[in-house]
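Structure data follow from data.cif (mmCIF, C-alpha atoms):
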```
data_coords
loop_
_atom_site.label_atom_id
_atom_site.label_comp_id
_atom_site.auth_asym_id
_atom_site.auth_seq_id
_atom_site.Cartn_x
_atom_site.Cartn_y
_atom_site.Cartn_z
CA MET Z 697 184.65 178.09 175.62
CA LYS Z 698 181.17 176.66 176.01
CA LEU Z 699 180.56 172.94 176.33
CA THR Z 700 178.34 171.33 173.72
CA ALA Z 701 175.06 169.60 174.60
CA GLU Z 702 176.77 166.24 174.06
CA GLN Z 703 179.63 167.16 176.40
CA ILE Z 704 177.21 168.41 179.07
CA ASN Z 705 175.31 165.12 178.79
CA TYR Z 706 178.63 163.32 179.33
CA ILE Z 707 179.20 165.34 182.52
CA GLU Z 708 175.65 164.56 183.68
CA ASN Z 709 176.33 160.84 183.32
CA TYR Z 710 179.66 161.30 185.10
CA ILE Z 711 177.95 162.99 188.07
CA GLN Z 712 175.30 160.26 188.18
CA SER Z 713 178.03 157.62 188.38
CA PHE Z 714 178.70 158.80 191.96
CA ASP Z 715 175.30 157.37 192.94
CA ILE Z 716 173.83 160.72 193.93
CA LYS Z 717 170.19 159.87 194.59
CA TRP Z 718 168.49 163.24 194.25
CA PHE Z 719 167.99 164.98 190.97
CA GLU Z 720 168.25 168.54 192.37
CA ILE Z 721 171.77 167.86 193.62
CA GLN Z 722 172.73 166.10 190.38
CA VAL Z 723 171.71 169.22 188.44
CA GLU Z 724 173.57 171.55 190.82
CA LEU Z 725 176.78 169.53 190.66
CA THR Z 726 176.55 169.23 186.87
CA ASP Z 727 176.11 172.99 186.51
CA HIS Z 728 179.00 173.61 188.90
CA MET Z 729 181.39 171.27 187.08
CA VAL Z 730 180.38 172.59 183.66
CA ALA Z 731 181.07 176.17 184.85
CA ILE Z 732 184.54 175.19 186.15
CA MET Z 733 185.37 173.33 182.94
CA GLU Z 734 184.32 176.29 180.79
CA GLU Z 735 186.47 178.59 182.93
CA ILE Z 736 189.49 176.30 182.53
CA TRP Z 737 188.91 175.98 178.80
CA GLU Z 738 188.57 179.74 178.44
CA GLN Z 739 192.02 180.15 179.98
CA ASP Z 740 193.61 177.44 177.83
CA PRO Z 741 191.63 176.70 174.62
CA GLU Z 742 194.29 174.23 173.45
CA LEU Z 743 193.28 171.64 176.04
CA THR Z 744 191.13 168.69 175.03
CA PHE Z 745 187.76 168.01 176.63
CA HIS Z 746 189.12 165.18 178.77
CA GLN Z 747 192.11 167.26 179.87
CA VAL Z 748 189.75 170.00 181.00
CA LYS Z 749 187.59 167.43 182.81
CA HIS Z 750 190.67 166.05 184.56
CA GLN Z 751 191.72 169.52 185.76
CA ALA Z 752 188.20 170.21 187.00
CA GLU Z 753 188.26 166.94 188.95
CA GLN Z 754 191.55 167.99 190.57
CA ARG Z 755 189.93 171.21 191.76
CA PHE Z 756 187.20 169.23 193.47
CA GLY Z 757 189.62 167.09 195.42
CA SER Z 758 189.10 163.75 197.14
CA GLY Z 759 185.70 163.21 198.71
CA TYR Z 760 184.33 166.45 197.29
CA PHE Z 761 181.08 164.96 196.04
CA LYS Z 762 180.21 163.26 199.34
CA THR Z 763 180.90 166.48 201.22
CA ILE Z 764 178.89 168.70 198.88
CA VAL Z 765 175.95 166.27 198.82
CA ALA Z 766 175.78 166.32 202.63
CA GLU Z 767 176.00 170.12 202.70
CA ARG Z 768 173.37 170.62 200.01
CA LYS Z 769 171.01 168.15 201.70
CA THR Z 770 171.16 170.20 204.89
CA ILE Z 771 170.68 173.51 203.06
CA LEU Z 772 167.85 172.22 200.87
CA HIS Z 773 166.14 170.61 203.87
CA LYS Z 774 165.99 173.98 205.63
CA GLU Z 775 164.84 175.73 202.46
CA TYR Z 776 162.10 173.19 201.74
CA ASN Z 777 160.86 173.37 205.34
CA ARG Z 778 160.66 177.15 205.05
CA GLN Z 779 158.76 176.86 201.76
CA GLN Z 780 156.34 174.33 203.25
CA ARG Z 781 155.57 176.56 206.23
CA LYS Z 782 154.90 179.44 203.84
CA ARG Z 783 152.61 177.29 201.69
CA VAL Z 784 150.69 176.08 204.75
CA VAL Z 785 150.08 179.66 205.89
CA GLU Z 786 148.96 180.64 202.39
CA PHE Z 787 146.65 177.62 202.14
CA LEU Z 788 144.99 177.85 205.55
CA ARG Z 789 143.26 181.14 204.95
CA PHE Z 790 140.23 182.52 206.82
CA PRO Z 791 137.50 180.54 204.94
CA LYS Z 792 139.14 177.18 205.70
CA ILE Z 793 139.44 178.01 209.40
CA ILE Z 794 135.74 178.97 209.58
CA THR Z 795 134.79 175.80 207.67
CA SER Z 796 136.83 173.73 210.11
CA ILE Z 797 135.06 175.27 213.10
CA LEU Z 798 131.68 174.58 211.51
CA LEU Z 799 132.79 170.99 210.80
CA GLY Z 800 133.64 170.57 214.48
CA VAL Z 801 130.26 171.98 215.55
CA VAL Z 802 128.42 169.62 213.18
CA ALA Z 803 130.50 166.63 214.36
CA TYR Z 804 129.64 167.43 217.98
CA GLN Z 805 125.92 167.81 217.25
CA VAL Z 806 125.83 164.51 215.36
CA SER Z 807 127.42 162.75 218.36
CA PHE Z 808 124.12 163.07 220.29
CA TYR Z 809 122.56 160.54 217.92
CA PHE Z 810 124.98 157.83 219.09
CA GLU Z 811 124.56 155.85 222.30
CA SER Z 812 128.29 155.22 222.68
CA PRO Z 813 130.48 158.36 222.44
CA ALA Z 814 133.59 156.17 222.41
CA LYS Z 815 132.37 154.28 219.35
CA TYR Z 816 131.46 157.56 217.68
CA VAL Z 817 134.98 158.94 218.26
CA SER Z 818 136.47 155.69 216.97
CA GLY Z 819 134.30 155.99 213.88
CA LEU Z 820 135.46 159.56 213.24
CA PHE Z 821 139.13 158.66 213.48
CA GLY Z 822 138.53 155.49 211.49
CA LEU Z 823 137.16 157.61 208.63
CA LEU Z 824 140.14 159.91 208.96
CA PHE Z 825 142.47 156.93 208.72
CA LEU Z 826 140.69 155.63 205.60
CA SER Z 827 141.09 159.02 203.93
CA ALA Z 828 144.79 159.17 204.87
CA VAL Z 829 145.71 155.75 203.43
CA PRO Z 830 145.24 156.64 199.73
CA MET Z 831 147.02 159.93 200.33
CA SER Z 832 150.05 158.13 201.76
CA TYR Z 833 149.98 155.70 198.85
CA SER Z 834 149.98 158.67 196.49
CA TRP Z 835 153.06 160.06 198.27
CA PHE Z 836 154.98 156.80 197.86
CA LYS Z 837 153.82 156.53 194.25
CA ASN Z 838 155.10 160.03 193.47
CA ARG Z 839 158.43 159.70 195.24
CA LYS Z 840 159.87 159.42 191.74
CA ILE Z 841 158.89 161.78 188.94
CA ASP Z 842 159.91 160.52 185.50
CA GLY Z 843 162.08 157.98 187.31
CA LYS Z 844 163.94 160.68 189.27
CA ARG Z 845 164.02 161.16 193.03
CA PHE Z 846 163.65 164.63 194.53
CA LEU Z 847 164.55 165.87 197.97
CA ALA Z 848 161.59 168.25 197.85
CA VAL Z 849 159.19 165.29 197.69
CA GLU Z 850 160.99 163.16 200.27
CA PHE Z 851 161.20 166.05 202.73
CA SER Z 852 157.45 166.58 202.47
CA VAL Z 853 156.62 164.70 205.67
CA PHE Z 854 153.06 165.93 206.18
CA TYR Z 855 151.78 162.56 204.99
CA LEU Z 856 153.27 160.98 208.15
CA GLY Z 857 151.16 163.24 210.34
CA SER Z 858 148.04 162.32 208.38
CA LEU Z 859 148.45 158.73 209.60
CA THR Z 860 149.55 159.70 213.10
CA PHE Z 861 146.42 161.72 213.88
CA PRO Z 862 143.86 158.92 213.43
CA GLU Z 863 146.07 156.31 215.12
CA LEU Z 864 146.65 158.54 218.14
CA GLY Z 865 142.96 159.53 218.30
CA LEU Z 866 141.83 155.90 218.28
CA ASN Z 867 144.27 154.93 221.04
CA ILE Z 868 143.24 157.83 223.27
CA ALA Z 869 139.54 157.10 222.72
CA ILE Z 870 140.04 153.51 223.89
CA ASN Z 871 141.83 154.65 227.05
CA PHE Z 872 139.15 157.22 227.91
CA LYS Z 873 136.12 155.10 227.04
CA GLU Z 874 134.49 155.41 230.46
CA GLU Z 875 135.08 159.16 230.73
CA LEU Z 876 133.47 159.68 227.33
CA GLN Z 877 130.45 157.68 228.41
CA GLN Z 878 130.02 159.62 231.65
CA ASN Z 879 130.47 163.17 230.35
CA HIS Z 880 129.43 164.16 226.83
CA LEU Z 881 131.46 167.38 227.02
CA PHE Z 882 134.56 165.19 227.15
CA LEU Z 883 133.98 164.70 223.43
CA LEU Z 884 134.99 168.29 222.65
CA PRO Z 885 138.79 167.83 222.78
CA PHE Z 886 138.45 164.70 220.63
CA ILE Z 887 136.36 166.62 218.09
CA CYS Z 888 138.95 169.41 218.01
CA PHE Z 889 141.76 166.91 217.55
CA TRP Z 890 139.81 165.19 214.76
CA VAL Z 891 139.20 168.51 212.96
CA LEU Z 892 142.92 169.29 213.29
CA GLY Z 893 143.70 165.92 211.73
CA PHE Z 894 141.27 166.62 208.91
CA LEU Z 895 142.95 169.98 208.25
CA PHE Z 896 146.34 168.25 208.33
CA CYS Z 897 145.20 165.76 205.67
CA ILE Z 898 143.86 168.31 203.20
CA THR Z 899 146.93 170.49 203.76
CA ALA Z 900 149.19 167.50 203.05
CA VAL Z 901 147.35 166.81 199.77
CA HIS Z 902 147.67 170.47 198.77
CA LEU Z 903 151.39 170.55 199.60
CA GLN Z 904 152.11 167.36 197.71
CA ASN Z 905 150.32 168.55 194.58
CA ASN Z 906 152.00 171.95 194.84
CA ILE Z 907 155.48 170.46 195.22
CA ILE Z 908 155.04 167.98 192.37
CA ASN Z 909 153.67 170.65 190.01
CA THR Z 910 156.54 173.00 190.91
CA ILE Z 911 159.14 170.28 190.25
CA LYS Z 912 157.59 169.34 186.90
CA LYS Z 913 157.53 172.98 185.82
CA GLN Z 914 161.04 173.75 187.05
CA TYR Z 915 162.69 170.70 185.45
CA GLN Z 916 160.28 170.45 182.49
CA LEU Z 917 159.13 166.94 183.35
CA SER Z 918 155.92 165.26 182.30
#
```
Let's see the structure in the file written out as structure tokens.
Amino acid sequence: MKLTAEQINYIENYIQSFDIKWFEIQVELTDHMVAIMEEIWEQDPELTFHQVKHQAEQRFGSGYFKTIVAERKTILHKEYNRQQRKRVVEFLRFPKIITSILLGVVAYQVSFYFESPAKYVSGLFGLLFLSAVPMSYSWFKNRKIDGKRFLAVEFSVFYLGSLTFPELGLNIAINFKEELQQNHLFLLPFICFWVLGFLFCITAVHLQNNIINTIKKQYQLS
């Protein structure tokens, strides 16, 4: 016997009462419980809805929800990491790599117009930091979609790296100020690191947009 839309909504609210934070797991547990209830009801159609619900709860056992949430978090974390690596590879195709190399060459050539290489490097990473701040704000803003939290969004940690790159670059530039002043070629590893940070930022933006669009499509959210 199939549950009605109203009964399924009741089960959804019941699952939410366990304070399960992430919508993906709420949906999985709801589907699982509905399937068990329909199986029980199929075997004994004379049972009432609440009797079927009670039998389904007994099958779960004590602490079932906490255990399954922990297990699903681990499984989904691995799956989302795999998906992110695949998306990064798909995004960073040949044209973007060539463009990044050209960006590094241009950044190095421009450095000759500055008297202080250390200040130039600080300026580059300062710009990178300014570009990363709104991106991180966007990540925090989109942690909830239609008021719902998703593991896929929270496990998207590329935004953290977008802030780490400029901070690390600035700190290293300060420590190697004299070396940069003495040898212009010493700029090259800083330029490469800056280009890598730039690539990291645009990849993070792409991943975030991709993940959010996928979630909205999958769960039919606005």
query = If you count all atoms listed in the file, which residues fall within 8 Å of Gln722 (chain Z), apart from same-chain ones fewer than 3 positions away, as a list in words?
reply =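 Close residues of Gln722 (chain Z): Glu708, Ile711, Gln712, Ile716, Lys717, Trp718, Phe719, Leu725 and Thr726 of chain Z.
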key: Residue with smallest distance to Phe851 (chain Z) - pool Z:Thr899, Z:Thr770, Z:Thr795, Z:Ser834, counting all atoms listed in the file   =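 Closest to Phe851 (chain Z) of all the choices is Z:Thr770.
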query = Closest to Ser812 (chain Z) among Z:Gln914, Z:Asn867, Z:Gln779, Z:Asn879, using all atoms listed in the file?
reply = Z:Asn879
ask   = At what distance in Å, to one decimal, does CA of Phe886 (chain Z) lie from CA of Thr860 (chain Z)?
value = 14.3 Å
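CA of Ala848 (chain Z) is found 27.7 Å from CA of Trp890 (chain Z).
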Residue by residue, what does the PyMOL selection byres ((chain Z and resi 730) around 12) grab here? Present the result as a tab-separated table (two decimals) with C-alpha atoms, in the coordinates of the input.
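Generated file (selection_32.tsv):
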```tsv
chain	number	residue	atom	x	y	z
Z	697	MET	CA	184.65	178.09	175.62
Z	698	LYS	CA	181.17	176.66	176.01
Z	699	LEU	CA	180.56	172.94	176.33
Z	700	THR	CA	178.34	171.33	173.72
Z	701	ALA	CA	175.06	169.60	174.60
Z	703	GLN	CA	179.63	167.16	176.40
Z	704	ILE	CA	177.21	168.41	179.07
Z	705	ASN	CA	175.31	165.12	178.79
Z	706	TYR	CA	178.63	163.32	179.33
Z	707	ILE	CA	179.20	165.34	182.52
Z	708	GLU	CA	175.65	164.56	183.68
Z	710	TYR	CA	179.66	161.30	185.10
Z	711	ILE	CA	177.95	162.99	188.07
Z	723	VAL	CA	171.71	169.22	188.44
Z	724	GLU	CA	173.57	171.55	190.82
Z	725	LEU	CA	176.78	169.53	190.66
Z	726	THR	CA	176.55	169.23	186.87
Z	727	ASP	CA	176.11	172.99	186.51
Z	728	HIS	CA	179.00	173.61	188.90
Z	729	MET	CA	181.39	171.27	187.08
Z	731	ALA	CA	181.07	176.17	184.85
Z	732	ILE	CA	184.54	175.19	186.15
Z	733	MET	CA	185.37	173.33	182.94
Z	734	GLU	CA	184.32	176.29	180.79
Z	735	GLU	CA	186.47	178.59	182.93
Z	736	ILE	CA	189.49	176.30	182.53
Z	737	TRP	CA	188.91	175.98	178.80
Z	745	PHE	CA	187.76	168.01	176.63
Z	748	VAL	CA	189.75	170.00	181.00
Z	749	LYS	CA	187.59	167.43	182.81
Z	751	GLN	CA	191.72	169.52	185.76
Z	752	ALA	CA	188.20	170.21	187.00
Z	753	GLU	CA	188.26	166.94	188.95
```
query = When you draw a straight line from CA of Leu895 (chain Z) to CA of Ala814 (chain Z), how long is it in Å?
reply =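 Between CA of Leu895 (chain Z) and CA of Ala814 (chain Z) the gap is 21.9 Å.
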inquiry  = Need the shell around Ile907 (chain Z): protein/DNA/RNA residues with any atom at most 8 Å away, counting all atoms listed in the file. Skip same-chain ones fewer than 4 positions apart. Format as a PyMOL selection string?
reply    = chain Z and resi 848-849+903+911
message = As a check of understanding, name the residues that the PyMOL selection byres ((chain Z and resi 838-847) around 12) selects in the supplied structure, as number ranges by chain.
response = Z: 712, 715-723, 765, 768-777, 831-837, 848-853, 904-905, 907-913, 915-918
request  = Evaluate the PyMOL selection byres ((chain Z and resi 796) around 12) on the structure here and hand back the selected residues as a ChimeraX atom specification.
outcome  = /Z:788-795,797-803,887-896,898
Edge lengths and centre in Å to one decimal, as lines of an AutoDock Vina configuration file, of the axis-aligned box that encloses all listed atoms of region 872-881 of chain Z with 4 Å added on every side?
```
center_x = 134.3
center_y = 161.2
center_z = 229.2
size_x = 17.7
size_y = 20.3
size_z = 12.8
```
